[in-house]
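Structure below is upload_0.txt: compact mmCIF, C-alpha atoms.
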```txt
# COMPACT_ATOMS: atom_id res chain seq x y z
CA MET L 13 -31.68 7.10 8.20
CA SER L 14 -28.77 4.88 9.28
CA PHE L 15 -29.22 1.10 9.29
CA THR L 16 -30.80 -0.63 12.28
CA SER L 17 -30.30 -4.24 11.16
CA VAL L 18 -27.89 -6.23 8.98
CA PRO L 19 -29.34 -7.41 5.63
CA ILE L 20 -29.54 -11.09 4.62
CA LEU L 21 -28.55 -12.05 1.06
CA ASP L 22 -28.96 -15.43 -0.65
CA LEU L 23 -25.90 -16.29 -2.74
CA ALA L 24 -27.96 -18.84 -4.70
CA GLN L 25 -29.72 -15.89 -6.36
CA SER L 26 -26.41 -14.83 -7.93
CA ARG L 27 -26.19 -18.15 -9.77
CA ASP L 28 -29.56 -17.76 -11.53
CA PRO L 29 -29.70 -15.24 -14.43
CA ALA L 30 -33.31 -14.47 -13.53
CA THR L 31 -32.51 -13.39 -9.97
CA LYS L 32 -28.93 -12.13 -10.30
CA PRO L 33 -29.87 -8.49 -11.12
CA GLN L 34 -31.87 -8.20 -7.89
CA PHE L 35 -29.06 -9.88 -5.94
CA LEU L 36 -26.55 -7.33 -7.27
CA ALA L 37 -28.91 -4.48 -6.36
CA ASP L 38 -29.31 -5.83 -2.83
CA LEU L 39 -25.55 -6.32 -2.57
CA ARG L 40 -24.92 -2.74 -3.70
CA HIS L 41 -27.27 -1.50 -0.97
CA ALA L 42 -25.43 -3.56 1.69
CA LEU L 43 -22.03 -2.36 0.47
CA MET L 44 -22.96 1.33 0.46
CA GLU L 45 -25.22 1.58 3.49
CA VAL L 46 -24.10 -1.09 5.96
CA GLY L 47 -20.69 -2.62 5.21
CA PHE L 48 -21.92 -5.89 6.73
CA LEU L 49 -24.31 -8.59 5.52
CA TYR L 50 -25.45 -12.13 6.21
CA LEU L 51 -24.84 -14.56 3.35
CA ARG L 52 -26.72 -17.85 3.03
CA ASN L 53 -26.30 -20.75 0.55
CA VAL L 54 -22.59 -20.07 0.16
CA GLY L 55 -21.82 -23.54 -1.22
CA ILE L 56 -20.24 -25.14 1.87
CA PRO L 57 -21.72 -28.63 2.48
CA ASP L 58 -23.71 -28.90 5.71
CA ASP L 59 -21.64 -31.83 6.93
CA LEU L 60 -18.41 -29.85 6.49
CA TRP L 61 -19.90 -26.93 8.38
CA CYS L 62 -20.82 -29.26 11.24
CA ASP L 63 -17.32 -30.77 11.22
CA VAL L 64 -15.74 -27.30 11.31
CA ILE L 65 -17.79 -26.31 14.35
CA ARG L 66 -17.23 -29.64 16.16
CA GLU L 67 -13.46 -29.70 15.57
CA GLY L 68 -13.11 -26.00 16.32
CA ARG L 69 -14.87 -26.20 19.65
CA GLY L 70 -13.07 -29.43 20.44
CA PHE L 71 -9.69 -27.74 20.08
CA PHE L 72 -10.25 -25.82 23.32
CA ASP L 73 -10.95 -29.04 25.20
CA ILE L 74 -7.54 -30.63 24.55
CA PRO L 75 -4.96 -30.41 27.38
CA ARG L 76 -3.29 -27.05 27.86
CA GLU L 77 0.15 -28.57 27.35
CA GLU L 78 -0.93 -29.76 23.89
CA LYS L 79 -2.06 -26.26 22.96
CA LEU L 80 1.16 -24.70 24.24
CA LYS L 81 3.18 -26.98 21.94
CA ILE L 82 1.81 -24.95 19.03
CA GLU L 83 1.84 -21.52 20.67
CA MET L 84 2.02 -18.59 18.26
CA LYS L 85 5.28 -17.23 19.67
CA ASN L 86 7.05 -20.45 18.66
CA ALA L 87 7.32 -19.19 15.04
CA PRO L 88 7.63 -15.85 13.20
CA SER L 89 4.51 -16.55 11.10
CA PHE L 90 1.90 -15.43 13.66
CA LEU L 91 0.20 -18.79 13.13
CA GLY L 92 -0.66 -20.99 16.09
CA TYR L 93 -2.29 -20.85 19.50
CA SER L 94 -2.80 -17.71 21.60
CA GLN L 95 -3.59 -18.00 25.28
CA LEU L 96 -6.47 -16.11 26.86
CA SER L 97 -6.04 -12.31 26.74
CA ALA L 98 -2.89 -12.41 24.58
CA GLU L 99 -4.04 -9.92 21.91
CA ILE L 100 -4.65 -6.17 22.00
CA THR L 101 -7.27 -4.09 20.16
CA ALA L 102 -7.94 -0.36 20.53
CA GLY L 103 -5.30 -0.25 23.26
CA ALA L 104 -7.07 -2.80 25.47
CA VAL L 105 -6.74 -6.53 26.08
CA ASP L 106 -9.10 -8.83 24.17
CA HIS L 107 -10.59 -11.54 26.41
CA ARG L 108 -10.39 -14.52 24.07
CA GLU L 109 -8.43 -17.69 23.41
CA GLN L 110 -7.72 -18.66 19.80
CA ILE L 111 -5.74 -20.49 17.16
CA ASP L 112 -4.69 -18.84 13.88
CA LEU L 113 -4.44 -20.91 10.69
CA SER L 114 -3.87 -20.09 7.02
CA THR L 115 -3.60 -21.48 3.54
CA THR L 116 -0.67 -23.90 3.61
CA HIS L 117 2.69 -22.50 2.41
CA PRO L 118 6.28 -23.75 2.65
CA LEU L 119 8.82 -21.78 4.66
CA PRO L 120 10.07 -18.71 2.73
CA GLY L 121 13.55 -18.76 1.25
CA PRO L 122 16.49 -16.72 2.59
CA SER L 123 16.09 -14.01 -0.07
CA ALA L 124 12.35 -13.48 0.54
CA PRO L 125 11.18 -10.14 1.98
CA ILE L 126 10.62 -10.16 5.72
CA TRP L 127 6.83 -10.06 5.41
CA ASP L 128 6.95 -13.42 3.66
CA ASN L 129 7.54 -14.87 7.12
CA LEU L 130 3.75 -14.69 7.33
CA LEU L 131 3.61 -17.35 4.58
CA ALA L 132 4.50 -20.54 6.40
CA PRO L 133 3.26 -23.98 7.43
CA ASN L 134 0.51 -24.09 10.03
CA GLN L 135 1.13 -25.27 13.56
CA TRP L 136 -1.42 -28.08 13.82
CA PRO L 137 -2.62 -29.74 17.03
CA SER L 138 -1.40 -33.30 17.50
CA PRO L 139 -3.32 -35.92 15.49
CA ALA L 140 -3.38 -37.99 18.67
CA ALA L 141 -5.47 -35.25 20.30
CA LEU L 142 -7.59 -34.24 17.29
CA PRO L 143 -7.21 -36.78 14.46
CA ASP L 144 -9.64 -35.05 12.04
CA PHE L 145 -8.80 -31.42 12.78
CA ARG L 146 -6.23 -30.81 10.03
CA ARG L 147 -8.24 -32.53 7.29
CA VAL L 148 -11.39 -30.59 8.14
CA TYR L 149 -9.72 -27.19 8.29
CA GLU L 150 -7.57 -27.62 5.19
CA GLU L 151 -10.74 -28.41 3.24
CA TYR L 152 -12.70 -25.53 4.78
CA ILE L 153 -9.95 -22.97 4.14
CA ALA L 154 -9.64 -24.12 0.52
CA ARG L 155 -13.40 -23.93 -0.06
CA MET L 156 -13.72 -20.56 1.64
CA GLY L 157 -10.90 -19.23 -0.52
CA GLN L 158 -13.01 -20.04 -3.56
CA VAL L 159 -16.12 -18.51 -1.98
CA SER L 160 -14.28 -15.27 -1.16
CA MET L 161 -12.82 -14.89 -4.64
CA ALA L 162 -16.22 -15.47 -6.28
CA PHE L 163 -17.90 -13.01 -3.92
CA THR L 164 -15.32 -10.30 -4.60
CA SER L 165 -16.12 -10.69 -8.30
CA LEU L 166 -19.79 -10.12 -7.51
CA ILE L 167 -18.85 -6.95 -5.61
CA ALA L 168 -17.07 -5.68 -8.73
CA GLU L 169 -20.22 -6.34 -10.75
CA ALA L 170 -22.51 -4.77 -8.15
CA ILE L 171 -20.68 -1.42 -8.28
CA GLU L 172 -20.16 -1.69 -12.06
CA LEU L 173 -16.37 -1.47 -12.11
CA PRO L 174 -15.06 -1.00 -15.68
CA ALA L 175 -12.96 -4.20 -15.57
CA GLY L 176 -16.01 -6.22 -14.55
CA ALA L 177 -15.79 -9.35 -12.43
CA GLY L 178 -11.96 -9.48 -12.69
CA ALA L 179 -11.37 -5.96 -11.37
CA PHE L 180 -9.59 -7.14 -8.20
CA ASP L 181 -7.56 -9.96 -9.77
CA ARG L 182 -4.27 -8.04 -9.86
CA TYR L 183 -4.23 -7.95 -6.04
CA PHE L 184 -4.33 -11.74 -5.63
CA ASP L 185 -1.58 -14.37 -5.95
CA GLY L 186 -3.84 -16.77 -7.83
CA ALA L 187 -3.72 -20.34 -6.55
CA GLN L 188 -0.90 -19.35 -4.15
CA GLN L 189 -2.93 -16.66 -2.39
CA GLN L 190 -2.80 -16.92 1.38
CA HIS L 191 -6.07 -16.65 3.29
CA LYS L 192 -6.32 -16.76 7.08
CA LEU L 193 -8.71 -18.18 9.62
CA LYS L 194 -9.13 -17.99 13.38
CA ILE L 195 -10.97 -20.27 15.77
CA VAL L 196 -11.93 -18.21 18.80
CA LYS L 197 -13.35 -18.89 22.25
CA TYR L 198 -14.78 -16.00 24.28
CA PRO L 199 -15.24 -17.00 27.94
CA ASP L 200 -18.22 -15.49 29.73
CA VAL L 201 -17.60 -12.65 32.16
CA SER L 202 -17.85 -14.85 35.24
CA GLU L 203 -14.89 -16.90 33.99
CA LEU L 204 -13.01 -13.64 33.45
CA GLY L 205 -13.76 -12.39 36.95
CA ILE L 206 -15.65 -9.35 35.63
CA ASP L 207 -18.66 -7.92 37.45
CA SER L 208 -21.56 -8.65 35.10
CA ASP L 209 -23.48 -5.62 36.40
CA LYS L 210 -20.70 -3.43 35.00
CA ASN L 211 -20.23 -5.34 31.78
CA ASN L 212 -21.50 -3.30 28.84
CA SER L 213 -23.61 -6.14 27.53
CA HIS L 214 -26.09 -5.18 30.26
CA SER L 215 -26.04 -1.38 30.35
CA ASP L 216 -27.01 1.47 28.05
CA ASP L 217 -25.66 4.99 27.96
CA SER L 218 -27.83 8.11 27.94
CA ASP L 219 -28.01 8.12 24.13
CA GLY L 220 -29.45 4.61 23.97
CA ASN L 221 -26.12 3.17 22.87
CA LYS L 222 -24.34 0.39 24.65
CA ASP L 223 -21.88 1.55 27.31
CA LYS L 224 -18.73 2.76 25.57
CA GLN L 225 -16.44 1.35 28.27
CA VAL L 226 -16.12 -2.26 27.14
CA GLN L 227 -15.03 -3.98 30.35
CA GLY L 228 -15.92 -7.40 28.98
CA GLN L 229 -14.09 -6.80 25.71
CA GLY L 230 -14.07 -9.88 23.51
CA VAL L 231 -12.63 -7.74 20.72
CA GLY L 232 -12.45 -3.96 20.88
CA PRO L 233 -13.90 -1.63 18.22
CA HIS L 234 -12.06 -2.03 14.93
CA LYS L 235 -12.40 -2.33 11.18
CA ASP L 236 -11.08 -5.29 9.23
CA SER L 237 -8.21 -4.82 6.82
CA MET L 238 -7.89 -5.82 3.18
CA LEU L 239 -11.05 -6.79 1.26
CA THR L 240 -13.60 -9.16 2.84
CA SER L 241 -14.00 -11.49 5.83
CA TYR L 242 -16.54 -14.25 6.52
CA LEU L 243 -17.65 -15.16 10.02
CA LEU L 244 -19.12 -18.48 11.06
CA GLN L 245 -20.81 -17.91 14.45
CA ALA L 246 -20.32 -21.32 16.03
CA SER L 247 -22.55 -20.96 19.11
CA PRO L 248 -25.95 -19.34 19.75
CA HIS L 249 -24.61 -16.39 21.75
CA LYS L 250 -25.04 -12.79 20.74
CA GLY L 251 -21.96 -10.62 21.06
CA LEU L 252 -21.02 -9.27 17.64
CA GLN L 253 -22.14 -5.65 17.22
CA VAL L 254 -21.87 -3.34 14.22
CA GLN L 255 -21.77 0.45 14.55
CA ASN L 256 -23.97 2.49 12.23
CA MET L 257 -23.25 5.99 10.93
CA ARG L 258 -24.99 7.55 13.93
CA GLY L 259 -22.63 5.73 16.27
CA GLU L 260 -25.25 3.25 17.51
CA TRP L 261 -24.30 -0.37 18.17
CA ILE L 262 -26.48 -2.84 16.23
CA ASP L 263 -26.59 -6.52 17.22
CA CYS L 264 -25.55 -9.07 14.62
CA PRO L 265 -26.84 -12.31 16.21
CA PRO L 266 -26.19 -15.82 14.85
CA ILE L 267 -28.53 -16.98 12.07
CA ASP L 268 -28.38 -20.66 11.16
CA GLY L 269 -26.96 -21.43 7.73
CA THR L 270 -25.29 -18.06 7.22
CA LEU L 271 -21.91 -16.41 7.25
CA VAL L 272 -21.52 -12.78 8.31
CA VAL L 273 -19.54 -10.83 5.69
CA ALA L 274 -17.58 -7.73 6.72
CA ILE L 275 -16.17 -5.23 4.24
CA GLY L 276 -12.54 -4.28 4.88
CA GLN L 277 -10.71 -0.97 4.74
CA GLY L 278 -8.82 -2.11 1.64
CA LEU L 279 -12.06 -2.57 -0.29
CA GLU L 280 -13.32 0.83 0.82
CA ALA L 281 -10.10 2.43 -0.35
CA LEU L 282 -9.93 0.64 -3.70
CA THR L 283 -13.55 1.55 -4.50
CA GLN L 284 -12.96 5.24 -3.72
CA GLY L 285 -15.16 5.10 -0.65
CA VAL L 286 -18.19 3.48 -2.31
CA CYS L 287 -17.99 0.21 -0.33
CA CYS L 288 -18.02 1.17 3.34
CA SER L 289 -15.96 -0.60 6.00
CA THR L 290 -17.84 -0.56 9.28
CA THR L 291 -16.60 -0.48 12.87
CA HIS L 292 -17.57 -3.53 14.90
CA ARG L 293 -16.77 -5.18 18.23
CA VAL L 294 -17.48 -8.32 20.25
CA LEU L 295 -18.82 -8.31 23.80
CA SER L 296 -17.93 -11.10 26.20
CA PRO L 297 -20.88 -13.41 27.00
CA ALA L 298 -22.86 -12.59 30.14
CA ALA L 299 -22.17 -14.45 33.37
CA GLY L 300 -23.53 -17.99 33.25
CA ALA L 301 -24.07 -17.93 29.48
CA GLY L 302 -21.04 -20.09 28.75
CA ALA L 303 -18.37 -19.46 26.15
CA ARG L 304 -19.06 -18.01 22.71
CA PHE L 305 -17.29 -19.64 19.73
CA SER L 306 -16.50 -17.91 16.47
CA ILE L 307 -14.64 -18.92 13.29
CA PRO L 308 -13.78 -15.96 11.03
CA PHE L 309 -12.13 -16.41 7.62
CA PHE L 310 -10.11 -13.51 6.18
CA GLN L 311 -9.59 -13.15 2.45
CA GLY L 312 -5.95 -12.40 1.69
CA VAL L 313 -4.31 -10.11 -0.85
CA ARG L 314 -0.91 -10.09 -2.55
CA GLY L 315 1.64 -8.91 0.01
CA SER L 316 3.88 -7.31 -2.60
CA SER L 317 1.13 -4.85 -3.60
CA THR L 318 2.38 -1.34 -2.87
CA PHE L 319 0.37 1.59 -1.58
CA GLU L 320 1.57 3.51 -4.65
CA GLU L 321 0.05 0.80 -6.87
CA LEU L 322 -3.23 0.99 -4.98
CA GLU L 323 -3.32 4.77 -5.34
CA THR L 324 -2.29 5.06 -8.98
CA ILE L 325 -3.87 1.94 -10.49
CA GLY L 326 -6.49 0.73 -8.04
CA VAL L 327 -9.42 -1.03 -9.71
CA GLY L 328 -10.28 1.66 -12.23
CA GLU L 329 -12.68 4.56 -11.90
CA VAL L 330 -15.96 3.82 -10.14
CA PRO L 331 -18.84 5.08 -12.35
CA ALA L 332 -20.13 8.53 -11.46
CA HIS L 333 -23.71 7.38 -10.86
CA ILE L 334 -22.47 4.78 -8.34
CA LYS L 335 -20.46 7.43 -6.49
CA GLU L 336 -23.53 9.62 -6.48
CA GLN L 337 -25.53 6.86 -4.78
CA ARG L 338 -22.91 6.66 -2.04
CA ARG L 339 -22.90 10.45 -1.68
CA LYS L 340 -26.65 10.41 -1.13
CA VAL L 341 -26.26 7.74 1.56
CA LEU L 342 -23.85 10.00 3.42
CA GLU L 343 -26.05 13.04 2.86
CA LYS L 344 -29.15 11.44 4.37
CA ASN L 345 -27.08 10.49 7.42
CA GLY L 346 -25.96 14.04 8.08
CA GLY L 347 -22.92 14.03 5.81
CA ARG L 348 -20.49 12.51 8.26
CA ARG L 349 -19.70 9.15 9.85
CA LEU L 350 -19.72 8.58 13.58
CA ASP L 351 -18.61 4.95 13.35
CA ASP L 352 -14.92 5.66 12.81
CA VAL L 353 -11.96 4.21 14.72
CA GLU L 354 -8.28 5.00 14.52
CA PHE L 355 -6.64 3.22 11.60
CA THR L 356 -3.45 1.36 12.36
CA PHE L 357 -1.72 1.76 9.01
CA ARG L 358 -0.72 5.22 7.86
CA SER L 359 0.11 6.32 4.33
CA GLY L 360 3.54 7.83 3.98
CA GLY L 361 4.73 5.76 6.94
CA VAL L 362 7.34 3.03 7.22
CA ALA L 363 5.35 0.37 5.37
CA LYS L 364 5.42 0.61 1.57
CA THR L 365 3.65 -2.68 0.80
CA LEU L 366 0.58 -4.44 2.14
CA GLY L 367 2.80 -7.30 3.31
CA GLU L 368 4.99 -5.02 5.38
CA ALA L 369 1.97 -3.17 6.78
CA THR L 370 0.33 -6.47 7.72
CA LEU L 371 3.49 -7.65 9.47
CA ARG L 372 3.75 -4.44 11.48
CA ASN L 373 0.11 -4.74 12.46
CA ARG L 374 0.59 -8.32 13.65
CA VAL L 375 3.58 -7.24 15.76
CA LYS L 376 1.43 -4.49 17.30
CA SER L 377 -1.39 -6.94 18.11
CA HIS L 378 0.92 -9.69 19.41
CA PRO L 379 3.86 -7.98 21.17
CA ASP L 380 4.99 -11.29 22.70
CA VAL L 381 5.69 -12.61 19.20
CA GLY L 382 7.24 -9.28 18.25
CA GLU L 383 9.62 -9.35 21.21
CA ARG L 384 10.91 -12.76 20.19
CA TRP L 385 11.09 -12.44 16.40
CA TYR L 386 10.81 -8.76 15.45
CA PRO L 387 12.30 -6.63 18.26
CA ASP L 388 13.33 -3.80 15.92
CA ILE L 389 9.84 -3.52 14.43
CA LEU L 390 8.25 -3.63 17.89
CA ARG L 391 10.61 -0.89 19.11
CA SER L 392 9.73 1.28 16.11
CA ILE L 393 5.99 0.76 16.69
CA ARG L 394 6.29 1.71 20.36
CA GLU L 395 8.26 4.84 19.46
CA GLN L 396 5.58 5.76 16.93
CA GLN L 397 2.82 5.18 19.51
CA ALA L 398 4.64 7.41 21.99
CA ARG L 399 4.96 10.20 19.41
CA GLU L 400 1.29 9.91 18.48
CA ALA L 401 0.21 10.00 22.13
CA GLU L 402 2.23 13.16 22.67
CA GLU L 403 0.80 14.80 19.55
CA LYS L 404 -2.73 13.88 20.57
CA ALA L 405 -2.21 15.38 24.00
CA GLN L 406 -1.05 18.64 22.41
CA ARG L 407 -4.08 19.21 20.27
CA GLU L 408 -7.68 19.71 21.32
CA GLY L 409 -9.91 16.91 20.13
CA GLY L 410 -7.78 16.03 17.09
CA GLU L 411 -9.26 14.75 13.88
CA GLU L 412 -12.57 12.92 14.23
CA GLY L 413 -14.52 10.83 11.77
CA LYS L 414 -13.56 12.36 8.45
CA VAL L 415 -16.31 12.42 5.87
CA GLN L 416 -15.51 9.88 3.20
CA ASN L 417 -17.56 10.89 0.17
CA GLY L 418 -15.80 8.87 -2.49
CA GLU L 419 -12.63 10.97 -2.51
CA GLY L 420 -9.51 11.04 -0.37
CA VAL L 421 -9.82 7.60 1.18
CA ASP L 422 -6.48 6.88 2.87
CA LEU L 423 -5.15 3.69 1.32
CA GLY L 424 -2.44 3.33 3.90
CA ARG L 425 -4.55 3.53 7.03
CA GLN L 426 -5.99 0.08 7.26
CA ALA L 427 -7.33 -1.69 10.28
CA ALA L 428 -6.26 -4.89 11.90
CA VAL L 429 -7.19 -8.43 11.00
CA LYS L 430 -9.35 -9.30 13.99
CA ALA L 431 -11.62 -12.04 15.15
CA HIS L 432 -15.38 -11.65 15.50
```
Show this structure as structure tokens.
Amino acid sequence: MSFTSVPILDLAQSRDPATKPQFLADLRHALMEVGFLYLRNVGIPDDLWCDVIREGRGFFDIPREEKLKIEMKNAPSFLGYSQLSAEITAGAVDHREQIDLSTTHPLPGPSAPIWDNLLAPNQWPSPAALPDFRRVYEEYIARMGQVSMAFTSLIAEAIELPAGAGAFDRYFDGAQQQHKLKIVKYPDVSELGIDSDKNNSHSDDSDGNKDKQVQGQGVGPHKDSMLTSYLLQASPHKGLQVQNMRGEWIDCPPIDGTLVVAIGQGLEALTQGVCCSTTHRVLSPAAGAGARFSIPFFQGVRGSSTFEELETIGVGEVPAHIKEQRRKVLEKNGGRRLDDVEFTFRSGGVAKTLGEATLRNRVKSHPDVGERWYPDILRSIREQQAREAEEKAQREGGEEGKVQNGEGVDLGRQAAVKAH
């Protein structure tokens, strides 16, 4: 039977030798059967968490002209402020306003590969408008980087990778690794001018699933890229939904003192399909509910990693008994997944490295930045989309939800870095 709720794990149990074995067993269950989990006691001080939420929500209250001074399209890094409805997911506009930040890096040198443009200084709001914002978020990003690296090591232990806790280390840049973060505001549907009676947060389809036509789309259905992401839900609103193997949408409401962890396509690929990456979406808040606020942190990987390296080296062979556990999960759910979405990276395509694939994905999600800084890449993406649309129209149904039973996971077809 497919999952009907998202499990809650206590990271403190992993630090005690007496409780760590049970923690790893619970983590293995979440990785194989859900692809999402709540994590409590992550090691972030309560006062920092409160500061992160206060400063994040406060950003949207500063004057519009201050936000536009740090607009994303000002720089080729895809860091900075995005106005409402400036990003695209699953071919539709996302109704959200946000700022993208990352681990601090200097500007790349003239001989650096083009994807190193993603490694750059942040565009910070003026200290006159938000005097504590930069200090708070630099500390939070640094601490979350440590949390994410430690948690990835626990994943390696949970699925008994031969290299142990350091199995993923080759895909990180050590202390120089870039991680990313978004601060997101989702206006309610009345602010968006959407009829709440038609918004899918209020209607069910005949199968008991939420309406598939997401008119109040905060973020469309997608899977995260790379390895892991960590969501701080910064207001009490529901909205995040996770899709189980039967195709049903399961609510993932805020729980005080937790982060929501999502498994990315990269982790599914590297673990030969054992760790499942799960489709999820965000619904806009109902009319009169007020805005929803969300602060997702995305663990980065080394941009120079090649798809060939991922395919030939990976993280070593996953033990046979672990693969068998995953096979049984698929078997009891009918042997196929109904939670799949189209991947945006394709093996054998233009991108040969994760950095290049990430850059192309950012151009696709933010065409306004692409038009200004990467017109050739944007043109190539649009040509590819046109070819794919024509091919899809020529075949009946096309490929749907391939069974991923531990073999044949496509390392190149990874989903976008999205907000939750």
Nearest residue to L:Ser247 from the set L:Phe184, L:Leu279, L:Arg69, L:Met84 (distances using all atoms listed in the file):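 Using all atoms listed in the file, the shortest distance to L:Ser247 belongs to L:Arg69.
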Rows by chain and residue number, stretch 96-203 of chain L within 12 Å of stretch 319-324 of chain L, shortest pair, all atoms listed in the file, as a Markdown table:
```
| residue | atom | partner | partner_atom | distance |
| --- | --- | --- | --- | --- |
| L:Phe180 | CA | L:Leu322 | CA | 10.8 |
| L:Arg182 | CA | L:Glu321 | CA | 10.3 |
| L:Tyr183 | CA | L:Leu322 | CA | 9.1 |
```
Would you output that residue set with C-alpha atoms, as a PDB file, in the coordinates of the input?
```pdb
ATOM      1  CA  PHE L 180      -9.590  -7.140  -8.200  1.00  0.00           C
ATOM      2  CA  ARG L 182      -4.270  -8.040  -9.860  1.00  0.00           C
ATOM      3  CA  TYR L 183      -4.230  -7.950  -6.040  1.00  0.00           C
TER       4      TYR L 183
END
```
To one decimal in Å, tell me the separation between atom CA of L:Glu203 and atom CA of L:Val381.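 Straight-line distance from atom CA of L:Glu203 to atom CA of L:Val381 works out to 25.7 Å.
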Can you build me a table of stretch 263-365 of chain L residues sitting at most 9 Å from stretch 57-68 of chain L, with the closest atom pair per residue and its distance in Å to one decimal, using all atoms listed in the file, sorted by chain and residue number, as a Markdown table?
```
| residue | atom | partner | partner_atom | distance |
| --- | --- | --- | --- | --- |
| L:Gly269 | CA | L:Asp58 | CA | 8.4 |
| L:Phe305 | CA | L:Gly68 | CA | 8.3 |
| L:Ser306 | CA | L:Ile65 | CA | 8.8 |
| L:Ile307 | CA | L:Gly68 | CA | 7.9 |
```
File dump, residues just selected, C-alpha atoms, as a short mmCIF file (atom, residue, chain, number, x, y, z; two decimals), in the frame of the given file:
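Final file, out.cif:
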```cif
data_model
loop_
_atom_site.label_atom_id
_atom_site.label_comp_id
_atom_site.auth_asym_id
_atom_site.auth_seq_id
_atom_site.Cartn_x
_atom_site.Cartn_y
_atom_site.Cartn_z
CA GLY L 269 -26.96 -21.43 7.73
CA PHE L 305 -17.29 -19.64 19.73
CA SER L 306 -16.50 -17.91 16.47
CA ILE L 307 -14.64 -18.92 13.29
#
```
Need the neighbours of (-26.4, -16.4, 1.1): which residues are at most 10 Å away, counting only C-alpha atoms, as an mmCIF file with C-alpha atoms, in the coordinates of the input?
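Output saved as part-v1.cif:
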```
data_model
loop_
_atom_site.group_PDB
_atom_site.id
_atom_site.type_symbol
_atom_site.label_atom_id
_atom_site.label_comp_id
_atom_site.auth_asym_id
_atom_site.auth_seq_id
_atom_site.Cartn_x
_atom_site.Cartn_y
_atom_site.Cartn_z
ATOM 1 C CA ILE L 20 -29.540 -11.090 4.620
ATOM 2 C CA LEU L 21 -28.550 -12.050 1.060
ATOM 3 C CA ASP L 22 -28.960 -15.430 -0.650
ATOM 4 C CA LEU L 23 -25.900 -16.290 -2.740
ATOM 5 C CA ALA L 24 -27.960 -18.840 -4.700
ATOM 6 C CA GLN L 25 -29.720 -15.890 -6.360
ATOM 7 C CA SER L 26 -26.410 -14.830 -7.930
ATOM 8 C CA PHE L 35 -29.060 -9.880 -5.940
ATOM 9 C CA LEU L 49 -24.310 -8.590 5.520
ATOM 10 C CA TYR L 50 -25.450 -12.130 6.210
ATOM 11 C CA LEU L 51 -24.840 -14.560 3.350
ATOM 12 C CA ARG L 52 -26.720 -17.850 3.030
ATOM 13 C CA ASN L 53 -26.300 -20.750 0.550
ATOM 14 C CA VAL L 54 -22.590 -20.070 0.160
ATOM 15 C CA GLY L 55 -21.820 -23.540 -1.220
ATOM 16 C CA GLY L 269 -26.960 -21.430 7.730
ATOM 17 C CA THR L 270 -25.290 -18.060 7.220
ATOM 18 C CA LEU L 271 -21.910 -16.410 7.250
ATOM 19 C CA VAL L 272 -21.520 -12.780 8.310
ATOM 20 C CA VAL L 273 -19.540 -10.830 5.690
#
```
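Going from atom CA of L:Pro199 over to atom CA of L:Arg304, you cover 6.6 Å.
Atom pair atom CA of L:Pro297 / atom CA of L:Asp200 has a distance of 4.3 Å (rounded to one decimal).
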Counting all atoms listed in the file, what are the residues of stretch 75-99 of chain L within 12 Å of stretch 142-166 of chain L, and for each of them which pair of atoms is the nearest and at what distance in Å, to one decimal? Sort the table by chain and rising number, as a Markdown table.
```
| residue | atom | partner | partner_atom | distance |
| --- | --- | --- | --- | --- |
| L:Pro75 | CA | L:Leu142 | CA | 11.1 |
| L:Glu78 | CA | L:Leu142 | CA | 10.4 |
| L:Lys79 | CA | L:Leu142 | CA | 11.2 |
```
Excluding L:Pro33 and its own-chain neighbours fewer than 6 positions away, which residues fall within 12 Å of it when counting only C-alpha atoms? Please give them as a ChimeraX atom specification. /L:25-27,39-40,166,169-172
What would the list of residues within 12 Å of (-23.5, -5.1, 4.7) (file frame) look like as a count of residues only, if only C-alpha atoms are what count? 41
Please rebuild stretch 85-92 of chain L with N, CA and C atoms and give the result as a short mmCIF file (atom, residue, chain, number, x, y, z; two decimals), in the coordinates of the input.
```cif
data_model
loop_
_atom_site.label_atom_id
_atom_site.label_comp_id
_atom_site.auth_asym_id
_atom_site.auth_seq_id
_atom_site.Cartn_x
_atom_site.Cartn_y
_atom_site.Cartn_z
N LYS L 85 3.95 -17.81 19.54
CA LYS L 85 5.28 -17.23 19.67
C LYS L 85 6.40 -18.21 19.35
N ASN L 86 6.04 -19.48 19.05
CA ASN L 86 7.05 -20.45 18.66
C ASN L 86 7.63 -20.18 17.27
N ALA L 87 6.91 -19.39 16.44
CA ALA L 87 7.32 -19.19 15.04
C ALA L 87 7.07 -17.74 14.64
N PRO L 88 7.79 -17.25 13.63
CA PRO L 88 7.63 -15.85 13.20
C PRO L 88 6.43 -15.61 12.30
N SER L 89 5.61 -16.63 12.07
CA SER L 89 4.51 -16.55 11.10
C SER L 89 3.22 -15.98 11.67
N PHE L 90 3.13 -15.83 12.98
CA PHE L 90 1.90 -15.43 13.66
C PHE L 90 0.78 -16.44 13.43
N LEU L 91 1.16 -17.69 13.21
CA LEU L 91 0.20 -18.79 13.13
C LEU L 91 0.37 -19.65 14.37
N GLY L 92 -0.74 -20.15 14.91
CA GLY L 92 -0.66 -20.99 16.09
C GLY L 92 -1.59 -20.51 17.18
#
```
